Amino acid sequence: MTDTPLPSPNLKPPRFQSVRAIVALILREMASTYGASPGGYIWAVLQPVGMLALLTLAFSLIVRAPSLGTNFAMFYATGFLPFTLYSEIEGKTNHAIIYSRALLAYPRMTWADPVLARFILHLLTQITVFCIVIVGIMLVFELHLTITVGPIMVGLAMAALLGLGVGLVNAVLFGLFPIWKTIWKIITRPLFLASGIFFILEDMPQGVQNFLWWNPLVHVSGLVRTGFYSVYHPTYISLSYGFGLALVLILLGLIFMRANYTKVLEAS
């Protein structure tokens, strides 16, 4: 009697391994970021609403009308919300590897999975917040705007890709050169004031315009505002510069992270 050979174990990785890992990481991030505090996702909406309310109140006492239109809340929302989308994605991306350090010990988890998970989750979250806040402003102030969706989507896409690119590059630099985290905080502190939230570029003197043009977030805010203000037709916006810079940063971030992610984990 001959022994029946046992079937060899299936050593192939499960199908859609990376997709499963990313979905699991998204659910984990949702539970830890929004499920741990009372209110959860409500705070994601209330925070920008509170900031916009303060900006509207403060600037309505200083100036008679915003640079575009007649409603302060809408004008500042079209600059502040795209900036928030960029800053949230940038901040979450540059800490994605460190946040999921323990999970990277599993062989089926790659360093790209937590980066993609955080990018997807916070992109969807900020787009949802953007829609809720904009619709809320239109209802509260009874605004009847002719909205062009195309430029708005392109502007938000540019902001998201810039956030991903800067976040990836900073993730490497923060790990290899810890002093860069302090330097980055210092050099980007004026970014909130220089990204077209409170003004349109055309309001600035020519010398200031030439300097601010190099800030890609000015292109983002200008592009988004063209979707809300039909009379606004800025000539300074460069899609090739904004998206080109974002893609170059993403490519550099991916290359250097692939080569140095173990050093980043060890140094952090």
# chains A, B, ... in the order shown; residues from 1 in each chain; ligands from 1
$ residues_around --residues "A:Met74" --least-positions-apart "4" --cutoff "8 Å" --atoms "only C-alpha atoms" --output "JSON, numbers by chain"
{"A": [78, 134, 137, 138]}
$ select_by_dssp --residues "stretch 32-249 of chain A" --states "helix (DSSP H, G or I)" --output "PyMOL selection string"
chain A and resi 32-33+41-62+72-93+96-99+103-105+112-140+149-176+179-187+189-192+201-203+206-212+216-226+239-249
$ closest_residue --among "A:Tyr232, A:Tyr106, A:Phe192, A:Phe80" --to "A:Thr148" --atoms "only C-alpha atoms"
A:Tyr232
$ residues_around --residues "stretch 117-131 of chain A" --least-positions-apart "6" --cutoff "6 Å" --atoms "only C-alpha atoms" --output "ChimeraX atom specification"
/A:22,25-26,45,85
$ write_last_selection --atoms "all heavy atoms" --output "mmCIF file, in the first residue's frame"
data_model
loop_
_atom_site.group_PDB
_atom_site.id
_atom_site.type_symbol
_atom_site.label_atom_id
_atom_site.label_comp_id
_atom_site.auth_asym_id
_atom_site.auth_seq_id
_atom_site.Cartn_x
_atom_site.Cartn_y
_atom_site.Cartn_z
ATOM 1 N N ILE A 22 -4.566 47.900 2.117
ATOM 2 C CA ILE A 22 -4.911 49.323 2.121
ATOM 3 C C ILE A 22 -6.278 49.540 2.758
ATOM 4 O O ILE A 22 -6.463 50.466 3.556
ATOM 5 C CB ILE A 22 -4.864 49.882 0.689
ATOM 6 C CG1 ILE A 22 -3.414 49.931 0.188
ATOM 7 C CG2 ILE A 22 -5.483 51.280 0.630
ATOM 8 C CD1 ILE A 22 -3.287 50.278 -1.279
ATOM 9 N N LEU A 25 -5.970 49.180 6.463
ATOM 10 C CA LEU A 25 -5.304 50.346 7.043
ATOM 11 C C LEU A 25 -6.231 51.556 7.082
ATOM 12 O O LEU A 25 -6.192 52.355 8.022
ATOM 13 C CB LEU A 25 -4.043 50.667 6.244
ATOM 14 C CG LEU A 25 -2.869 49.707 6.438
ATOM 15 C CD1 LEU A 25 -1.793 49.962 5.387
ATOM 16 C CD2 LEU A 25 -2.284 49.829 7.837
ATOM 17 N N ILE A 26 -7.070 51.712 6.052
ATOM 18 C CA ILE A 26 -8.034 52.815 6.045
ATOM 19 C C ILE A 26 -9.015 52.669 7.203
ATOM 20 O O ILE A 26 -9.312 53.643 7.920
ATOM 21 C CB ILE A 26 -8.782 52.858 4.704
ATOM 22 C CG1 ILE A 26 -7.851 53.345 3.585
ATOM 23 C CG2 ILE A 26 -10.005 53.775 4.789
ATOM 24 C CD1 ILE A 26 -8.469 53.314 2.208
ATOM 25 N N VAL A 45 -15.737 68.638 10.123
ATOM 26 C CA VAL A 45 -16.530 69.690 9.487
ATOM 27 C C VAL A 45 -16.544 70.946 10.339
ATOM 28 O O VAL A 45 -16.436 72.071 9.829
ATOM 29 C CB VAL A 45 -17.975 69.209 9.234
ATOM 30 C CG1 VAL A 45 -18.814 70.321 8.623
ATOM 31 C CG2 VAL A 45 -17.974 67.994 8.327
ATOM 32 N N LEU A 85 -6.985 70.897 2.465
ATOM 33 C CA LEU A 85 -6.822 69.602 1.802
ATOM 34 C C LEU A 85 -5.338 69.300 1.594
ATOM 35 O O LEU A 85 -4.869 68.196 1.904
ATOM 36 C CB LEU A 85 -7.569 69.604 0.467
ATOM 37 C CG LEU A 85 -7.632 68.283 -0.295
ATOM 38 C CD1 LEU A 85 -8.914 68.201 -1.121
ATOM 39 C CD2 LEU A 85 -6.446 68.100 -1.235
#
$ closest_residue --among "A:Met30, A:Met257, A:Ile89, A:Leu81" --to "A:Leu176" --atoms "only C-alpha atoms"
A:Met257
$ residues_around --residues "A:Ser230" --least-positions-apart "3" --cutoff "8 Å" --atoms "only C-alpha atoms" --output "list in words"
Thr146, Ile147, Thr226, Gly227 and His233 of chain A
$ write_last_selection --atoms "N, CA and C atoms" --output "mmCIF file, in the first residue's frame"
data_model
loop_
_atom_site.group_PDB
_atom_site.id
_atom_site.type_symbol
_atom_site.label_atom_id
_atom_site.label_comp_id
_atom_site.auth_asym_id
_atom_site.auth_seq_id
_atom_site.Cartn_x
_atom_site.Cartn_y
_atom_site.Cartn_z
ATOM 1 N N THR A 146 -23.364 80.294 -10.104
ATOM 2 C CA THR A 146 -23.216 79.392 -11.241
ATOM 3 C C THR A 146 -21.852 78.706 -11.109
ATOM 4 N N ILE A 147 -21.864 77.479 -10.663
ATOM 5 C CA ILE A 147 -20.631 76.770 -10.341
ATOM 6 C C ILE A 147 -20.180 75.939 -11.536
ATOM 7 N N THR A 226 -12.004 80.133 -9.909
ATOM 8 C CA THR A 226 -12.598 80.308 -11.232
ATOM 9 C C THR A 226 -13.861 79.480 -11.394
ATOM 10 N N GLY A 227 -13.984 78.404 -10.622
ATOM 11 C CA GLY A 227 -15.187 77.585 -10.683
ATOM 12 C C GLY A 227 -16.365 78.189 -9.952
ATOM 13 N N HIS A 233 -11.102 85.522 -14.292
ATOM 14 C CA HIS A 233 -10.338 84.815 -15.321
ATOM 15 C C HIS A 233 -8.846 85.101 -15.150
#
$ atom_distance --atom1 "atom CA of A:Pro234" --atom2 "atom CA of A:Leu249"
25.6 Å
$ residues_around --residues "A:Asn260" --least-positions-apart "2" --cutoff "12 Å" --atoms "only C-alpha atoms" --output "mmCIF file with all heavy atoms, in the first residue's frame"
data_model
loop_
_atom_site.group_PDB
_atom_site.id
_atom_site.type_symbol
_atom_site.label_atom_id
_atom_site.label_comp_id
_atom_site.auth_asym_id
_atom_site.auth_seq_id
_atom_site.Cartn_x
_atom_site.Cartn_y
_atom_site.Cartn_z
ATOM 1 N N ILE A 97 4.544 56.241 7.440
ATOM 2 C CA ILE A 97 5.445 55.111 7.675
ATOM 3 C C ILE A 97 5.645 54.878 9.171
ATOM 4 O O ILE A 97 5.585 53.753 9.658
ATOM 5 C CB ILE A 97 6.796 55.351 6.983
ATOM 6 C CG1 ILE A 97 6.606 55.571 5.485
ATOM 7 C CG2 ILE A 97 7.737 54.178 7.232
ATOM 8 C CD1 ILE A 97 6.074 54.386 4.746
ATOM 9 N N TRP A 111 5.748 49.320 2.447
ATOM 10 C CA TRP A 111 5.772 50.692 2.947
ATOM 11 C C TRP A 111 4.798 51.593 2.187
ATOM 12 O O TRP A 111 4.336 52.603 2.718
ATOM 13 C CB TRP A 111 7.187 51.275 2.851
ATOM 14 C CG TRP A 111 7.715 51.384 1.452
ATOM 15 C CD1 TRP A 111 8.495 50.486 0.797
ATOM 16 C CD2 TRP A 111 7.493 52.460 0.536
ATOM 17 N NE1 TRP A 111 8.779 50.925 -0.477
ATOM 18 C CE2 TRP A 111 8.182 52.137 -0.663
ATOM 19 C CE3 TRP A 111 6.799 53.660 0.600
ATOM 20 C CZ2 TRP A 111 8.169 52.976 -1.780
ATOM 21 C CZ3 TRP A 111 6.794 54.491 -0.503
ATOM 22 C CH2 TRP A 111 7.478 54.154 -1.672
ATOM 23 N N LEU A 168 5.667 62.821 0.883
ATOM 24 C CA LEU A 168 6.615 61.728 0.635
ATOM 25 C C LEU A 168 8.057 62.186 0.798
ATOM 26 O O LEU A 168 8.877 61.504 1.426
ATOM 27 C CB LEU A 168 6.396 61.172 -0.773
ATOM 28 C CG LEU A 168 5.238 60.193 -0.962
ATOM 29 C CD1 LEU A 168 5.008 59.923 -2.448
ATOM 30 C CD2 LEU A 168 5.529 58.880 -0.231
ATOM 31 N N VAL A 169 8.382 63.328 0.199
ATOM 32 C CA VAL A 169 9.747 63.844 0.316
ATOM 33 C C VAL A 169 10.083 64.139 1.773
ATOM 34 O O VAL A 169 11.170 63.794 2.265
ATOM 35 C CB VAL A 169 9.924 65.094 -0.562
ATOM 36 C CG1 VAL A 169 11.279 65.748 -0.298
ATOM 37 C CG2 VAL A 169 9.803 64.735 -2.037
ATOM 38 N N ALA A 171 8.773 62.786 4.410
ATOM 39 C CA ALA A 171 8.865 61.540 5.171
ATOM 40 C C ALA A 171 10.296 61.007 5.160
ATOM 41 O O ALA A 171 10.799 60.514 6.173
ATOM 42 C CB ALA A 171 7.899 60.505 4.600
ATOM 43 N N VAL A 172 10.946 61.112 4.005
ATOM 44 C CA VAL A 172 12.343 60.672 3.901
ATOM 45 C C VAL A 172 13.261 61.619 4.654
ATOM 46 O O VAL A 172 14.124 61.196 5.439
ATOM 47 C CB VAL A 172 12.766 60.573 2.420
ATOM 48 C CG1 VAL A 172 14.225 60.126 2.319
ATOM 49 C CG2 VAL A 172 11.868 59.608 1.655
ATOM 50 N N LEU A 173 13.080 62.923 4.417
ATOM 51 C CA LEU A 173 13.975 63.903 5.039
ATOM 52 C C LEU A 173 13.816 63.941 6.552
ATOM 53 O O LEU A 173 14.808 64.094 7.281
ATOM 54 C CB LEU A 173 13.711 65.287 4.446
ATOM 55 C CG LEU A 173 14.036 65.455 2.960
ATOM 56 C CD1 LEU A 173 13.655 66.852 2.477
ATOM 57 C CD2 LEU A 173 15.518 65.191 2.701
ATOM 58 N N PHE A 174 12.591 63.803 7.063
ATOM 59 C CA PHE A 174 12.375 63.790 8.510
ATOM 60 C C PHE A 174 13.101 62.619 9.157
ATOM 61 O O PHE A 174 13.624 62.729 10.264
ATOM 62 C CB PHE A 174 10.879 63.696 8.835
ATOM 63 C CG PHE A 174 10.106 64.952 8.542
ATOM 64 C CD1 PHE A 174 8.721 64.954 8.600
ATOM 65 C CD2 PHE A 174 10.750 66.135 8.208
ATOM 66 C CE1 PHE A 174 8.001 66.103 8.337
ATOM 67 C CE2 PHE A 174 10.049 67.290 7.935
ATOM 68 C CZ PHE A 174 8.658 67.278 8.001
ATOM 69 N N GLY A 175 13.105 61.452 8.448
ATOM 70 C CA GLY A 175 13.751 60.280 9.005
ATOM 71 C C GLY A 175 15.267 60.345 8.944
ATOM 72 O O GLY A 175 15.959 59.951 9.889
ATOM 73 N N LEU A 176 15.801 60.838 7.821
ATOM 74 C CA LEU A 176 17.259 60.866 7.640
ATOM 75 C C LEU A 176 17.901 62.077 8.308
ATOM 76 O O LEU A 176 19.039 62.003 8.782
ATOM 77 C CB LEU A 176 17.593 60.864 6.144
ATOM 78 C CG LEU A 176 17.121 59.647 5.342
ATOM 79 C CD1 LEU A 176 17.555 59.766 3.886
ATOM 80 C CD2 LEU A 176 17.654 58.351 5.950
ATOM 81 N N LEU A 252 10.301 61.667 -6.879
ATOM 82 C CA LEU A 252 11.479 61.706 -6.014
ATOM 83 C C LEU A 252 11.190 61.045 -4.669
ATOM 84 O O LEU A 252 12.031 60.304 -4.136
ATOM 85 C CB LEU A 252 11.915 63.152 -5.796
ATOM 86 C CG LEU A 252 12.514 63.878 -7.009
ATOM 87 C CD1 LEU A 252 12.792 65.339 -6.657
ATOM 88 C CD2 LEU A 252 13.788 63.201 -7.478
ATOM 89 N N GLY A 253 10.003 61.316 -4.122
ATOM 90 C CA GLY A 253 9.640 60.710 -2.847
ATOM 91 C C GLY A 253 9.589 59.200 -2.922
ATOM 92 O O GLY A 253 10.078 58.499 -2.023
ATOM 93 N N LEU A 254 9.004 58.665 -3.995
ATOM 94 C CA LEU A 254 8.923 57.215 -4.157
ATOM 95 C C LEU A 254 10.310 56.590 -4.311
ATOM 96 O O LEU A 254 10.608 55.542 -3.726
ATOM 97 C CB LEU A 254 8.057 56.882 -5.376
ATOM 98 C CG LEU A 254 6.561 57.185 -5.257
ATOM 99 C CD1 LEU A 254 5.857 56.953 -6.584
ATOM 100 C CD2 LEU A 254 5.915 56.347 -4.160
ATOM 101 N N ILE A 255 11.161 57.239 -5.109
ATOM 102 C CA ILE A 255 12.505 56.700 -5.345
ATOM 103 C C ILE A 255 13.315 56.672 -4.044
ATOM 104 O O ILE A 255 13.908 55.637 -3.679
ATOM 105 C CB ILE A 255 13.244 57.527 -6.415
ATOM 106 C CG1 ILE A 255 12.581 57.326 -7.780
ATOM 107 C CG2 ILE A 255 14.718 57.138 -6.483
ATOM 108 C CD1 ILE A 255 13.124 58.236 -8.868
ATOM 109 N N PHE A 256 13.339 57.786 -3.337
ATOM 110 C CA PHE A 256 14.162 57.869 -2.130
ATOM 111 C C PHE A 256 13.561 57.080 -0.976
ATOM 112 O O PHE A 256 14.305 56.542 -0.139
ATOM 113 C CB PHE A 256 14.374 59.330 -1.737
ATOM 114 C CG PHE A 256 15.305 60.067 -2.656
ATOM 115 C CD1 PHE A 256 14.852 61.099 -3.456
ATOM 116 C CD2 PHE A 256 16.645 59.707 -2.732
ATOM 117 C CE1 PHE A 256 15.712 61.768 -4.304
ATOM 118 C CE2 PHE A 256 17.511 60.373 -3.579
ATOM 119 C CZ PHE A 256 17.054 61.402 -4.377
ATOM 120 N N MET A 257 12.227 56.986 -0.910
ATOM 121 C CA MET A 257 11.616 56.186 0.140
ATOM 122 C C MET A 257 11.886 54.704 -0.085
ATOM 123 O O MET A 257 12.171 53.957 0.867
ATOM 124 C CB MET A 257 10.112 56.449 0.206
ATOM 125 C CG MET A 257 9.396 55.660 1.301
ATOM 126 S SD MET A 257 10.000 56.035 2.960
ATOM 127 C CE MET A 257 9.202 57.592 3.249
ATOM 128 N N ARG A 258 11.823 54.264 -1.329
ATOM 129 C CA ARG A 258 12.106 52.856 -1.623
ATOM 130 C C ARG A 258 13.532 52.496 -1.232
ATOM 131 O O ARG A 258 13.782 51.391 -0.740
ATOM 132 C CB ARG A 258 11.879 52.590 -3.109
ATOM 133 C CG ARG A 258 12.108 51.132 -3.507
ATOM 134 C CD ARG A 258 11.818 50.911 -4.965
ATOM 135 N NE ARG A 258 12.033 49.509 -5.342
ATOM 136 C CZ ARG A 258 11.875 49.039 -6.565
ATOM 137 N NH1 ARG A 258 11.485 49.847 -7.546
ATOM 138 N NH2 ARG A 258 12.088 47.754 -6.823
ATOM 139 N N THR A 262 13.944 51.686 5.313
ATOM 140 C CA THR A 262 14.417 50.979 6.515
ATOM 141 C C THR A 262 15.222 51.938 7.394
ATOM 142 O O THR A 262 15.121 51.889 8.633
ATOM 143 C CB THR A 262 15.282 49.784 6.117
ATOM 144 O OG1 THR A 262 16.326 50.218 5.227
ATOM 145 C CG2 THR A 262 14.444 48.725 5.424
ATOM 146 N N LYS A 263 16.010 52.816 6.781
ATOM 147 C CA LYS A 263 16.762 53.807 7.557
ATOM 148 C C LYS A 263 15.818 54.801 8.228
ATOM 149 O O LYS A 263 16.058 55.238 9.354
ATOM 150 C CB LYS A 263 17.749 54.548 6.658
ATOM 151 C CG LYS A 263 18.843 53.666 6.081
ATOM 152 C CD LYS A 263 19.770 54.489 5.179
ATOM 153 C CE LYS A 263 20.833 53.607 4.551
ATOM 154 N NZ LYS A 263 21.732 54.378 3.635
ATOM 155 N N VAL A 264 14.746 55.139 7.532
ATOM 156 C CA VAL A 264 13.754 56.053 8.096
ATOM 157 C C VAL A 264 13.118 55.435 9.332
ATOM 158 O O VAL A 264 12.936 56.103 10.361
ATOM 159 C CB VAL A 264 12.679 56.398 7.050
ATOM 160 C CG1 VAL A 264 11.529 57.176 7.689
ATOM 161 C CG2 VAL A 264 13.284 57.215 5.913
ATOM 162 N N LEU A 265 12.799 54.153 9.258
ATOM 163 C CA LEU A 265 12.189 53.470 10.395
ATOM 164 C C LEU A 265 13.170 53.357 11.566
ATOM 165 O O LEU A 265 12.788 53.516 12.722
ATOM 166 C CB LEU A 265 11.709 52.077 9.981
ATOM 167 C CG LEU A 265 10.495 52.025 9.053
ATOM 168 C CD1 LEU A 265 10.216 50.592 8.631
ATOM 169 C CD2 LEU A 265 9.272 52.621 9.734
ATOM 170 N N GLU A 266 14.412 53.071 11.268
ATOM 171 C CA GLU A 266 15.407 52.910 12.331
ATOM 172 C C GLU A 266 15.723 54.237 13.009
ATOM 173 O O GLU A 266 15.985 54.280 14.213
ATOM 174 C CB GLU A 266 16.699 52.313 11.751
ATOM 175 C CG GLU A 266 16.541 50.867 11.287
ATOM 176 C CD GLU A 266 17.757 50.380 10.515
ATOM 177 O OE1 GLU A 266 18.696 51.194 10.334
ATOM 178 O OE2 GLU A 266 17.766 49.210 10.093
ATOM 179 N N ALA A 267 15.704 55.314 12.220
ATOM 180 C CA ALA A 267 16.089 56.617 12.771
ATOM 181 C C ALA A 267 14.974 57.260 13.560
ATOM 182 O O ALA A 267 15.215 58.167 14.377
ATOM 183 C CB ALA A 267 16.528 57.555 11.651
#
$ atom_distance --atom1 "atom CA of A:Tyr76" --atom2 "atom CA of A:Leu239"
22.2 Å
$ closest_residue --among "A:Asn71, A:Tyr34, A:Thr235, A:Leu156" --to "A:Phe59" --atoms "only C-alpha atoms"
A:Asn71
